[in-house]
file work.cif (mmCIF, C-alpha atoms)
data_entry
loop_
_atom_site.label_atom_id
_atom_site.label_comp_id
_atom_site.auth_asym_id
_atom_site.auth_seq_id
_atom_site.Cartn_x
_atom_site.Cartn_y
_atom_site.Cartn_z
CA MET A 1492 -211.15 49.85 -159.61
CA ALA A 1493 -211.79 46.23 -158.72
CA THR A 1494 -215.29 44.92 -159.27
CA PRO A 1495 -217.06 42.86 -156.54
CA SER A 1496 -216.70 39.68 -158.60
CA ARG A 1497 -212.97 40.30 -159.00
CA VAL A 1498 -212.60 40.92 -155.25
CA ARG A 1499 -214.34 37.62 -154.53
CA ARG A 1500 -211.96 35.83 -156.89
CA GLN A 1501 -209.00 37.37 -155.06
CA LEU A 1502 -210.09 36.18 -151.61
CA PRO A 1503 -207.74 33.54 -150.19
CA SER A 1504 -208.97 29.97 -149.97
CA SER A 1505 -207.03 29.23 -146.78
CA PRO A 1506 -210.04 29.87 -144.44
CA TRP A 1507 -211.91 27.03 -146.15
CA LEU A 1508 -208.88 24.79 -145.84
CA PHE A 1509 -208.73 25.44 -142.10
CA ALA A 1510 -212.49 24.88 -141.76
CA ALA A 1511 -212.51 21.72 -143.88
CA PRO A 1512 -211.57 19.24 -141.10
CA GLY A 1513 -214.31 20.55 -138.82
CA LEU A 1514 -216.85 20.54 -141.64
CA LEU A 1515 -215.92 16.97 -142.58
CA VAL A 1516 -216.25 15.79 -138.98
CA THR A 1517 -219.61 17.57 -138.63
CA GLY A 1518 -220.85 16.05 -141.84
CA ALA A 1519 -219.66 12.55 -140.99
CA PHE A 1520 -220.81 12.40 -137.37
CA VAL A 1521 -223.78 14.82 -137.25
CA LEU A 1522 -225.39 15.57 -140.61
CA TRP A 1523 -225.06 12.11 -142.17
CA PRO A 1524 -226.41 10.21 -139.11
CA PHE A 1525 -229.26 12.71 -138.82
CA ALA A 1526 -230.22 12.32 -142.48
CA SER A 1527 -229.92 8.54 -142.18
CA THR A 1528 -232.20 8.56 -139.13
CA LEU A 1529 -234.81 10.60 -140.99
CA VAL A 1530 -234.76 8.17 -143.90
CA ASN A 1531 -234.90 5.09 -141.67
CA SER A 1532 -237.85 6.54 -139.73
CA LEU A 1533 -239.91 6.21 -142.91
CA THR A 1534 -239.06 2.52 -143.39
CA ASP A 1535 -239.63 -0.77 -141.57
CA ARG A 1536 -235.92 -1.58 -141.51
CA ARG A 1537 -234.59 -4.07 -138.98
CA THR A 1538 -231.02 -4.73 -137.89
CA LEU A 1539 -230.29 -7.44 -140.47
CA VAL A 1540 -233.15 -6.79 -142.89
CA PRO A 1541 -233.23 -3.89 -145.38
CA GLY A 1542 -236.38 -1.89 -144.93
CA ARG A 1543 -239.09 -0.86 -147.34
CA PHE A 1544 -240.75 2.54 -147.41
CA VAL A 1545 -243.78 2.72 -145.10
CA GLY A 1546 -244.29 6.49 -144.92
CA LEU A 1547 -245.54 7.75 -141.57
CA ALA A 1548 -246.60 4.32 -140.31
CA ASN A 1549 -243.96 4.32 -137.57
CA PHE A 1550 -245.14 7.68 -136.28
CA ARG A 1551 -248.77 6.55 -136.31
CA GLU A 1552 -247.74 3.47 -134.33
CA LEU A 1553 -246.13 5.73 -131.72
CA LEU A 1554 -249.50 7.26 -130.92
CA HIS A 1555 -250.86 3.83 -129.91
CA ASP A 1556 -247.74 2.58 -128.12
CA ASP A 1557 -248.25 2.62 -124.34
CA MET A 1558 -244.50 2.33 -123.75
CA PHE A 1559 -243.92 5.48 -125.80
CA TRP A 1560 -246.30 7.46 -123.61
CA THR A 1561 -244.68 5.98 -120.50
CA GLY A 1562 -241.26 7.08 -121.74
CA LEU A 1563 -242.55 10.53 -122.65
CA ARG A 1564 -244.14 10.90 -119.21
CA ASN A 1565 -240.97 9.87 -117.41
CA SER A 1566 -238.76 12.11 -119.54
CA THR A 1567 -241.10 15.05 -118.91
CA LEU A 1568 -241.14 14.37 -115.17
CA TYR A 1569 -237.35 14.20 -115.28
CA ILE A 1570 -237.23 17.71 -116.70
CA ALA A 1571 -239.68 18.99 -114.08
CA GLY A 1572 -237.61 17.53 -111.25
CA VAL A 1573 -234.07 18.14 -112.47
CA VAL A 1574 -234.09 21.52 -114.22
CA PRO A 1575 -235.26 23.73 -111.29
CA ALA A 1576 -232.68 22.08 -109.03
CA LEU A 1577 -229.87 22.52 -111.56
CA VAL A 1578 -230.77 26.16 -112.13
CA LEU A 1579 -230.90 27.17 -108.45
CA LEU A 1580 -228.58 24.87 -106.48
CA PRO A 1581 -225.41 25.47 -108.55
CA LEU A 1582 -226.00 29.22 -108.25
CA LEU A 1583 -226.18 28.98 -104.45
CA LEU A 1584 -223.12 26.75 -104.49
CA ALA A 1585 -221.22 29.24 -106.65
CA LEU A 1586 -222.07 32.03 -104.22
CA LEU A 1587 -220.57 29.97 -101.40
CA VAL A 1588 -217.32 29.02 -103.13
CA GLN A 1589 -216.61 32.34 -104.86
CA ARG A 1590 -215.27 33.80 -101.63
CA ASN A 1591 -211.49 33.99 -101.29
CA ILE A 1592 -211.02 32.21 -97.99
CA PRO A 1593 -208.36 29.64 -97.03
CA GLY A 1594 -209.14 26.15 -98.29
CA ILE A 1595 -211.90 27.19 -100.70
CA THR A 1596 -210.00 25.69 -103.66
CA PHE A 1597 -210.39 22.26 -102.09
CA PHE A 1598 -214.17 22.62 -101.94
CA ARG A 1599 -214.33 23.87 -105.53
CA SER A 1600 -212.41 20.81 -106.66
CA ALA A 1601 -214.51 18.50 -104.49
CA PHE A 1602 -217.78 19.83 -105.91
CA TYR A 1603 -216.44 19.45 -109.46
CA THR A 1604 -215.13 15.91 -109.02
CA PRO A 1605 -218.47 14.15 -109.86
CA VAL A 1606 -218.49 15.94 -113.22
CA VAL A 1607 -215.30 14.25 -114.41
CA ALA A 1608 -216.17 10.90 -112.86
CA SER A 1609 -217.50 8.19 -115.17
CA ILE A 1610 -221.29 8.03 -115.13
CA VAL A 1611 -221.03 4.24 -114.92
CA VAL A 1612 -218.92 4.49 -111.77
CA VAL A 1613 -221.23 7.14 -110.31
CA GLY A 1614 -224.32 5.06 -111.09
CA LEU A 1615 -222.89 1.89 -109.56
CA ILE A 1616 -221.84 3.76 -106.41
CA TRP A 1617 -225.35 5.12 -105.95
CA VAL A 1618 -226.87 1.71 -106.63
CA TRP A 1619 -224.67 0.31 -103.88
CA LEU A 1620 -225.68 3.14 -101.52
CA LEU A 1621 -229.43 2.93 -102.23
CA ASP A 1622 -229.78 -0.83 -102.51
CA GLU A 1623 -232.12 -2.54 -100.06
CA ARG A 1624 -229.05 -3.84 -98.23
CA GLY A 1625 -226.96 -0.75 -98.97
CA LEU A 1626 -225.43 1.85 -96.71
CA VAL A 1627 -228.36 4.28 -96.73
CA ASN A 1628 -230.93 1.65 -95.75
CA SER A 1629 -228.60 0.27 -93.10
CA LEU A 1630 -228.36 3.73 -91.54
CA LEU A 1631 -232.13 4.22 -91.75
CA GLU A 1632 -232.71 0.88 -90.06
CA THR A 1633 -230.22 1.81 -87.34
CA VAL A 1634 -232.19 4.95 -86.43
CA GLY A 1635 -235.49 3.05 -86.47
CA ILE A 1636 -236.95 4.33 -89.74
CA GLY A 1637 -236.79 1.02 -91.58
CA ARG A 1638 -235.62 0.10 -95.04
CA ILE A 1639 -236.95 2.03 -98.05
CA GLY A 1640 -237.19 0.61 -101.55
CA PHE A 1641 -235.31 3.34 -103.38
CA LEU A 1642 -234.61 1.01 -106.30
CA SER A 1643 -237.76 -1.10 -106.23
CA ASP A 1644 -240.51 1.51 -106.01
CA GLN A 1645 -241.41 3.10 -109.34
CA TRP A 1646 -241.48 6.72 -108.20
CA LEU A 1647 -238.70 6.48 -105.64
CA LEU A 1648 -236.42 4.99 -108.28
CA LEU A 1649 -237.18 7.87 -110.66
CA LEU A 1650 -236.56 10.40 -107.88
CA SER A 1651 -233.32 8.63 -106.98
CA ALA A 1652 -232.13 8.83 -110.58
CA MET A 1653 -233.03 12.53 -110.62
CA ALA A 1654 -230.97 13.05 -107.47
CA VAL A 1655 -227.97 11.37 -109.10
CA THR A 1656 -228.31 13.59 -112.18
CA VAL A 1657 -228.48 16.71 -110.03
CA TRP A 1658 -225.54 15.59 -107.88
CA LYS A 1659 -223.37 14.89 -110.91
CA GLY A 1660 -224.27 18.15 -112.67
CA LEU A 1661 -223.86 20.53 -109.72
CA GLY A 1662 -220.15 21.13 -110.27
CA TYR A 1663 -220.47 21.71 -114.01
CA TYR A 1664 -223.12 24.39 -113.72
CA MET A 1665 -221.37 25.84 -110.66
CA ILE A 1666 -218.36 26.65 -112.86
CA ILE A 1667 -220.64 28.38 -115.37
CA TYR A 1668 -222.19 30.48 -112.60
CA LEU A 1669 -218.77 31.31 -111.15
CA ALA A 1670 -217.77 32.81 -114.49
CA ALA A 1671 -220.97 34.86 -114.56
CA LEU A 1672 -220.64 36.04 -110.95
CA ALA A 1673 -217.09 37.23 -111.64
CA ASN A 1674 -218.57 39.80 -114.04
CA VAL A 1675 -221.06 41.23 -111.53
CA PRO A 1676 -219.71 44.62 -110.33
CA ARG A 1677 -218.99 44.60 -106.61
CA GLU A 1678 -220.27 48.17 -106.45
CA LEU A 1679 -223.83 46.95 -107.01
CA HIS A 1680 -223.73 44.79 -103.88
CA GLU A 1681 -222.08 47.58 -101.89
CA ALA A 1682 -224.72 50.09 -102.98
CA ALA A 1683 -227.52 47.67 -102.07
CA ALA A 1684 -225.92 47.06 -98.67
CA VAL A 1685 -225.71 50.81 -98.05
CA ASP A 1686 -229.43 51.06 -98.85
CA GLY A 1687 -230.09 48.51 -96.11
CA ALA A 1688 -230.67 45.42 -98.26
CA GLY A 1689 -229.94 42.13 -96.52
CA PRO A 1690 -228.32 39.05 -98.10
CA VAL A 1691 -231.61 37.66 -99.43
CA ARG A 1692 -232.65 41.01 -100.86
CA ARG A 1693 -229.26 41.49 -102.52
CA PHE A 1694 -229.50 38.00 -103.99
CA LEU A 1695 -232.94 38.64 -105.48
CA SER A 1696 -232.38 42.25 -106.57
CA VAL A 1697 -228.72 42.21 -107.64
CA THR A 1698 -227.38 38.70 -108.21
CA VAL A 1699 -230.34 37.10 -110.00
CA PRO A 1700 -230.86 39.95 -112.53
CA ALA A 1701 -227.11 40.07 -113.20
CA VAL A 1702 -226.86 36.36 -114.03
CA ARG A 1703 -230.30 35.93 -115.61
CA SER A 1704 -228.88 35.20 -119.07
CA THR A 1705 -226.66 32.53 -117.52
CA MET A 1706 -229.67 31.04 -115.75
CA VAL A 1707 -231.42 30.79 -119.12
CA LEU A 1708 -228.37 29.03 -120.56
CA VAL A 1709 -228.29 26.58 -117.65
CA ALA A 1710 -232.03 25.96 -117.99
CA ALA A 1711 -231.63 25.19 -121.70
CA LEU A 1712 -228.64 22.89 -121.24
CA SER A 1713 -230.12 21.03 -118.28
CA SER A 1714 -233.50 20.65 -120.03
CA VAL A 1715 -231.91 18.96 -123.02
CA ALA A 1716 -229.71 16.77 -120.81
CA ALA A 1717 -232.66 15.78 -118.59
CA PHE A 1718 -234.91 14.90 -121.52
CA LYS A 1719 -232.19 12.73 -123.08
CA VAL A 1720 -231.27 10.99 -119.81
CA PHE A 1721 -230.19 7.40 -120.24
CA SER A 1722 -227.27 6.19 -118.13
CA GLU A 1723 -228.62 7.00 -114.67
CA VAL A 1724 -231.98 5.29 -115.19
CA TYR A 1725 -230.42 2.41 -117.13
CA LEU A 1726 -227.94 1.65 -114.35
CA MET A 1727 -230.42 2.02 -111.51
CA ALA A 1728 -233.54 0.48 -113.08
CA GLY A 1729 -231.91 -2.03 -115.41
CA PRO A 1730 -232.12 -2.33 -119.21
CA ASN A 1731 -235.90 -2.84 -119.09
CA GLY A 1732 -236.58 0.28 -117.02
CA GLY A 1733 -237.86 -1.62 -113.99
CA PRO A 1734 -239.86 -4.85 -113.66
CA ALA A 1735 -242.63 -3.68 -115.99
CA GLY A 1736 -240.75 -0.92 -117.77
CA GLU A 1737 -242.51 1.73 -115.70
CA ASP A 1738 -239.33 3.83 -115.36
CA THR A 1739 -238.36 3.71 -119.04
CA THR A 1740 -237.36 7.01 -120.64
CA LEU A 1741 -237.61 7.83 -124.32
CA VAL A 1742 -233.90 7.38 -124.97
CA MET A 1743 -233.95 4.03 -123.17
CA LEU A 1744 -236.85 3.00 -125.40
CA VAL A 1745 -234.84 3.98 -128.48
CA GLN A 1746 -231.91 1.85 -127.31
CA ARG A 1747 -234.06 -1.13 -126.39
CA THR A 1748 -236.12 -1.02 -129.59
CA GLY A 1749 -233.36 -0.45 -132.11
CA THR A 1750 -230.60 -2.78 -130.88
CA GLY A 1751 -230.14 -6.52 -131.06
CA LEU A 1752 -230.31 -8.91 -133.99
CA THR A 1753 -234.02 -8.26 -134.44
CA GLY A 1754 -233.96 -4.57 -133.54
CA ARG A 1755 -236.60 -2.40 -135.18
CA VAL A 1756 -234.28 0.25 -136.59
CA GLY A 1757 -237.07 2.05 -138.44
CA TYR A 1758 -239.29 2.38 -135.38
CA ALA A 1759 -236.33 3.38 -133.19
CA SER A 1760 -235.42 6.04 -135.76
CA ALA A 1761 -238.95 7.44 -135.54
CA LEU A 1762 -238.55 7.60 -131.76
CA SER A 1763 -235.23 9.41 -132.24
CA VAL A 1764 -236.87 11.97 -134.51
CA VAL A 1765 -239.47 12.64 -131.81
CA VAL A 1766 -236.72 13.06 -129.20
CA PHE A 1767 -234.92 15.51 -131.49
CA ALA A 1768 -238.11 17.48 -132.19
CA VAL A 1769 -238.98 17.76 -128.50
CA THR A 1770 -235.40 18.81 -127.69
CA VAL A 1771 -235.50 21.60 -130.28
CA ALA A 1772 -238.92 22.68 -128.99
CA LEU A 1773 -237.55 22.88 -125.43
CA MET A 1774 -234.66 25.06 -126.56
CA LEU A 1775 -237.00 27.38 -128.46
CA LEU A 1776 -239.39 27.66 -125.51
CA VAL A 1777 -236.58 28.61 -123.13
CA LEU A 1778 -235.15 31.18 -125.55
CA ARG A 1779 -238.59 32.62 -126.26
CA ALA A 1780 -239.32 32.96 -122.54
CA ASP A 1781 -236.00 34.77 -122.12
CA ARG A 1782 -236.81 37.21 -124.91
CA LYS A 1783 -240.23 37.96 -123.43
CA GLU A 1784 -238.58 38.64 -120.08
CA GLU A 1785 -236.14 41.07 -121.70
CA ARG A 1786 -239.03 43.02 -123.21
#

call {"tool": "encode", "arguments": {"input": "work.cif", "output": "structure tokens"}}
result
Amino acid sequence: MATPSRVRRQLPSSPWLFAAPGLLVTGAFVLWPFASTLVNSLTDRRTLVPGRFVGLANFRELLHDDMFWTGLRNSTLYIAGVVPALVLLPLLLALLVQRNIPGITFFRSAFYTPVVASIVVVGLIWVWLLDERGLVNSLLETVGIGRIGFLSDQWLLLLSAMAVTVWKGLGYYMIIYLAALANVPRELHEAAAVDGAGPVRRFLSVTVPAVRSTMVLVAALSSVAAFKVFSEVYLMAGPNGGPAGEDTTLVMLVQRTGTGLTGRVGYASALSVVVFAVTVALMLLVLRADRKEER
């Protein structure tokens, strides 16, 4: 009879050989950069100057940095504005395009097109549309409303960037919801209809409970994406986050602080650690809320 130690020695090594490339890539592009960021966050390193150990000085400086609190506020507002829209709107869109009617494939493709489009192209298109002399303001002026500073007003610019994020993400989350809706038994809707439930009632009593786990997944993914937003605000507000940096997000602050010949790599690394910690906290909060709901 073979002993457990002998069985372990007889196990083939091929699984590790197959996993080795993935483990090497993960180590090189995830674990090593993360460890390097943690180490740098405890130093005063600059781009061209090796840093010395300063402990938690960078994190203490964060607490007194007005730009950090501005970035944290904007990133939090971004979550509050984007996540509810990306949880509900793609679900409604999926309900519309799941029907097998002539031409529906075209609309599915059309709604998904922004997902595969370059964010730079998307951002520049929306800048052109929302510019003071852009198409949207020209139409508003034609109907007598007057021009609106979508890209010059602090809050309108942030709302405009949120709208671009939602518009670009609709198709991606729509596909996720379509996969979930395909697993909802048709008999449940038929039984609810027989009981006299209307479309709204069937949506709330049948569809939402059936795809609740998918809604949690979408909420988690969109929360992380919204908190780490960079491209949309960068393209629409500029590298400084507006004239006085009032639309800066945390990730923009990391980029602006840590790049350039005199970039403060240590301080930017501390900012990155905070972004990572908040992202993990968001994921845990969403998952914990889901578990409480299941109970």

call {"tool": "atom_distance", "arguments": {"input": "work.cif", "atom1": "atom CA of Ile1616 of chain A", "atom2": "atom CA of Val1574 of chain A"}}
result
22.9 Å

call {"tool": "residues_around", "arguments": {"input": "work.cif", "residues": "Thr1528 of chain A", "least_positions_apart": "2", "cutoff": "12 Å", "atoms": "all atoms listed in the file", "output": "list in words"}}
result
Val1521, Leu1522, Trp1523, Pro1524, Phe1525, Ala1526, Val1530, Asn1531, Ser1532, Leu1533, Thr1534, Arg1536, Val1745, Gly1749, Val1756, Gly1757, Tyr1758, Ala1759, Ser1760, Ala1761, Leu1762, Ser1763, Val1764, Val1765, Val1766 and Phe1767 of chain A

call {"tool": "resolve_selection", "arguments": {"input": "work.cif", "expression": "the PyMOL selection byres ((chain A and resi 1606-1611) around 12)", "output": "MDAnalysis selection string"}}
result
chainID A and resid 1599:1605 1612:1618 1652 1655:1666 1720:1727

call {"tool": "write_last_selection", "arguments": {"input": "work.cif", "atoms": "C-alpha atoms", "output": "mmCIF file, keeping the file's coordinate frame"}}
result
data_model
loop_
_atom_site.group_PDB
_atom_site.id
_atom_site.type_symbol
_atom_site.label_atom_id
_atom_site.label_comp_id
_atom_site.auth_asym_id
_atom_site.auth_seq_id
_atom_site.Cartn_x
_atom_site.Cartn_y
_atom_site.Cartn_z
ATOM 1 C CA ARG A 1599 -214.330 23.870 -105.530
ATOM 2 C CA SER A 1600 -212.410 20.810 -106.660
ATOM 3 C CA ALA A 1601 -214.510 18.500 -104.490
ATOM 4 C CA PHE A 1602 -217.780 19.830 -105.910
ATOM 5 C CA TYR A 1603 -216.440 19.450 -109.460
ATOM 6 C CA THR A 1604 -215.130 15.910 -109.020
ATOM 7 C CA PRO A 1605 -218.470 14.150 -109.860
ATOM 8 C CA VAL A 1612 -218.920 4.490 -111.770
ATOM 9 C CA VAL A 1613 -221.230 7.140 -110.310
ATOM 10 C CA GLY A 1614 -224.320 5.060 -111.090
ATOM 11 C CA LEU A 1615 -222.890 1.890 -109.560
ATOM 12 C CA ILE A 1616 -221.840 3.760 -106.410
ATOM 13 C CA TRP A 1617 -225.350 5.120 -105.950
ATOM 14 C CA VAL A 1618 -226.870 1.710 -106.630
ATOM 15 C CA ALA A 1652 -232.130 8.830 -110.580
ATOM 16 C CA VAL A 1655 -227.970 11.370 -109.100
ATOM 17 C CA THR A 1656 -228.310 13.590 -112.180
ATOM 18 C CA VAL A 1657 -228.480 16.710 -110.030
ATOM 19 C CA TRP A 1658 -225.540 15.590 -107.880
ATOM 20 C CA LYS A 1659 -223.370 14.890 -110.910
ATOM 21 C CA GLY A 1660 -224.270 18.150 -112.670
ATOM 22 C CA LEU A 1661 -223.860 20.530 -109.720
ATOM 23 C CA GLY A 1662 -220.150 21.130 -110.270
ATOM 24 C CA TYR A 1663 -220.470 21.710 -114.010
ATOM 25 C CA TYR A 1664 -223.120 24.390 -113.720
ATOM 26 C CA MET A 1665 -221.370 25.840 -110.660
ATOM 27 C CA ILE A 1666 -218.360 26.650 -112.860
ATOM 28 C CA VAL A 1720 -231.270 10.990 -119.810
ATOM 29 C CA PHE A 1721 -230.190 7.400 -120.240
ATOM 30 C CA SER A 1722 -227.270 6.190 -118.130
ATOM 31 C CA GLU A 1723 -228.620 7.000 -114.670
ATOM 32 C CA VAL A 1724 -231.980 5.290 -115.190
ATOM 33 C CA TYR A 1725 -230.420 2.410 -117.130
ATOM 34 C CA LEU A 1726 -227.940 1.650 -114.350
ATOM 35 C CA MET A 1727 -230.420 2.020 -111.510
#

call {"tool": "closest_residue", "arguments": {"input": "work.cif", "among": "A:Thr1770, A:Gln1746, A:Asn1565, A:Asn1674", "to": "Trp1646 of chain A", "atoms": "only C-alpha atoms"}}
result
A:Asn1565

call {"tool": "atom_distance", "arguments": {"input": "work.cif", "atom1": "atom CA of Leu1539 of chain A", "atom2": "atom CA of Leu1752 of chain A"}}
result
6.6 Å

call {"tool": "atom_distance", "arguments": {"input": "work.cif", "atom1": "atom CA of Ile1639 of chain A", "atom2": "atom CA of Val1573 of chain A"}}
result
21.8 Å

call {"tool": "residues_around", "arguments": {"input": "work.cif", "residues": "segment 1680-1685 of chain A", "least_positions_apart": "3", "cutoff": "12 Å", "atoms": "only C-alpha atoms", "output": "PyMOL selection string"}}
result
chain A and resi 1672+1675-1677+1688-1699+1701

call {"tool": "closest_residue", "arguments": {"input": "work.cif", "among": "A:Phe1718, A:Arg1755, A:Leu1775, A:Ala1585", "to": "Pro1541 of chain A", "atoms": "all atoms listed in the file"}}
result
A:Arg1755

call {"tool": "closest_residue", "arguments": {"input": "work.cif", "among": "A:Phe1520, A:Asp1556, A:Ser1566, A:Leu1508", "to": "Thr1740 of chain A", "atoms": "all atoms listed in the file"}}
result
A:Ser1566

call {"tool": "closest_residue", "arguments": {"input": "work.cif", "among": "A:Pro1700, A:Ala1671, A:Val1540, A:Ala1768", "to": "Thr1753 of chain A", "atoms": "only C-alpha atoms"}}
result
A:Val1540

call {"tool": "closest_residue", "arguments": {"input": "work.cif", "among": "A:Pro1581, A:Gly1751, A:Pro1730, A:Gly1625", "to": "Val1709 of chain A", "atoms": "only C-alpha atoms"}}
result
A:Pro1581

call {"tool": "closest_residue", "arguments": {"input": "work.cif", "among": "A:Ala1511, A:Ala1710, A:Leu1669, A:Ala1654", "to": "Val1578 of chain A", "atoms": "only C-alpha atoms"}}
result
A:Ala1710

call {"tool": "residues_around", "arguments": {"input": "work.cif", "residues": "Leu1648 of chain A", "least_positions_apart": "6", "cutoff": "8 Å", "atoms": "only C-alpha atoms", "output": "PyMOL selection string"}}
result
chain A and resi 1641-1642+1727-1728+1738

call {"tool": "resolve_selection", "arguments": {"input": "work.cif", "expression": "the PyMOL selection byres ((chain A and resi 1715) around 9)", "output": "tab-separated table (two decimals) with C-alpha atoms, in the coordinates of the input"}}
result
chain	number	residue	atom	x	y	z
A	1570	ILE	CA	-237.23	17.71	-116.70
A	1710	ALA	CA	-232.03	25.96	-117.99
A	1711	ALA	CA	-231.63	25.19	-121.70
A	1712	LEU	CA	-228.64	22.89	-121.24
A	1713	SER	CA	-230.12	21.03	-118.28
A	1714	SER	CA	-233.50	20.65	-120.03
A	1716	ALA	CA	-229.71	16.77	-120.81
A	1717	ALA	CA	-232.66	15.78	-118.59
A	1718	PHE	CA	-234.91	14.90	-121.52
A	1719	LYS	CA	-232.19	12.73	-123.08
A	1720	VAL	CA	-231.27	10.99	-119.81
A	1770	THR	CA	-235.40	18.81	-127.69
A	1771	VAL	CA	-235.50	21.60	-130.28
A	1773	LEU	CA	-237.55	22.88	-125.43
A	1774	MET	CA	-234.66	25.06	-126.56

call {"tool": "decode", "arguments": {"input": "work.cif", "residues": "segment 1654-1667 of chain A", "atoms": "N, CA and C atoms", "output": "mmCIF file, in the first residue's frame"}}
result
data_model
loop_
_atom_site.group_PDB
_atom_site.id
_atom_site.type_symbol
_atom_site.label_atom_id
_atom_site.label_comp_id
_atom_site.auth_asym_id
_atom_site.auth_seq_id
_atom_site.Cartn_x
_atom_site.Cartn_y
_atom_site.Cartn_z
ATOM 1 N N ALA A 1654 -20.994 60.680 -17.802
ATOM 2 C CA ALA A 1654 -21.868 60.258 -18.903
ATOM 3 C C ALA A 1654 -21.087 59.479 -19.955
ATOM 4 N N VAL A 1655 -19.865 59.906 -20.237
ATOM 5 C CA VAL A 1655 -19.028 59.194 -21.208
ATOM 6 C C VAL A 1655 -18.682 57.798 -20.690
ATOM 7 N N THR A 1656 -18.355 57.694 -19.404
ATOM 8 C CA THR A 1656 -18.041 56.391 -18.814
ATOM 9 C C THR A 1656 -19.234 55.452 -18.896
ATOM 10 N N VAL A 1657 -20.413 55.971 -18.573
ATOM 11 C CA VAL A 1657 -21.628 55.150 -18.642
ATOM 12 C C VAL A 1657 -21.903 54.733 -20.077
ATOM 13 N N TRP A 1658 -21.801 55.682 -20.999
ATOM 14 C CA TRP A 1658 -22.075 55.388 -22.415
ATOM 15 C C TRP A 1658 -21.137 54.316 -22.951
ATOM 16 N N LYS A 1659 -19.874 54.394 -22.588
ATOM 17 C CA LYS A 1659 -18.897 53.421 -23.083
ATOM 18 C C LYS A 1659 -19.073 52.054 -22.431
ATOM 19 N N GLY A 1660 -19.548 52.016 -21.189
ATOM 20 C CA GLY A 1660 -19.673 50.739 -20.484
ATOM 21 C C GLY A 1660 -20.996 50.031 -20.663
ATOM 22 N N LEU A 1661 -21.990 50.700 -21.255
ATOM 23 C CA LEU A 1661 -23.317 50.096 -21.393
ATOM 24 C C LEU A 1661 -23.263 48.749 -22.106
ATOM 25 N N GLY A 1662 -22.591 48.700 -23.245
ATOM 26 C CA GLY A 1662 -22.567 47.476 -24.033
ATOM 27 C C GLY A 1662 -21.879 46.323 -23.329
ATOM 28 N N TYR A 1663 -20.813 46.616 -22.602
ATOM 29 C CA TYR A 1663 -20.070 45.563 -21.897
ATOM 30 C C TYR A 1663 -20.945 44.889 -20.841
ATOM 31 N N TYR A 1664 -21.579 45.700 -20.010
ATOM 32 C CA TYR A 1664 -22.412 45.127 -18.957
ATOM 33 C C TYR A 1664 -23.721 44.571 -19.521
ATOM 34 N N MET A 1665 -24.163 45.079 -20.661
ATOM 35 C CA MET A 1665 -25.335 44.514 -21.325
ATOM 36 C C MET A 1665 -25.092 43.055 -21.697
ATOM 37 N N ILE A 1666 -23.897 42.746 -22.211
ATOM 38 C CA ILE A 1666 -23.556 41.371 -22.573
ATOM 39 C C ILE A 1666 -23.578 40.469 -21.341
ATOM 40 N N ILE A 1667 -23.074 40.970 -20.229
ATOM 41 C CA ILE A 1667 -23.085 40.187 -18.989
ATOM 42 C C ILE A 1667 -24.518 39.895 -18.566
#
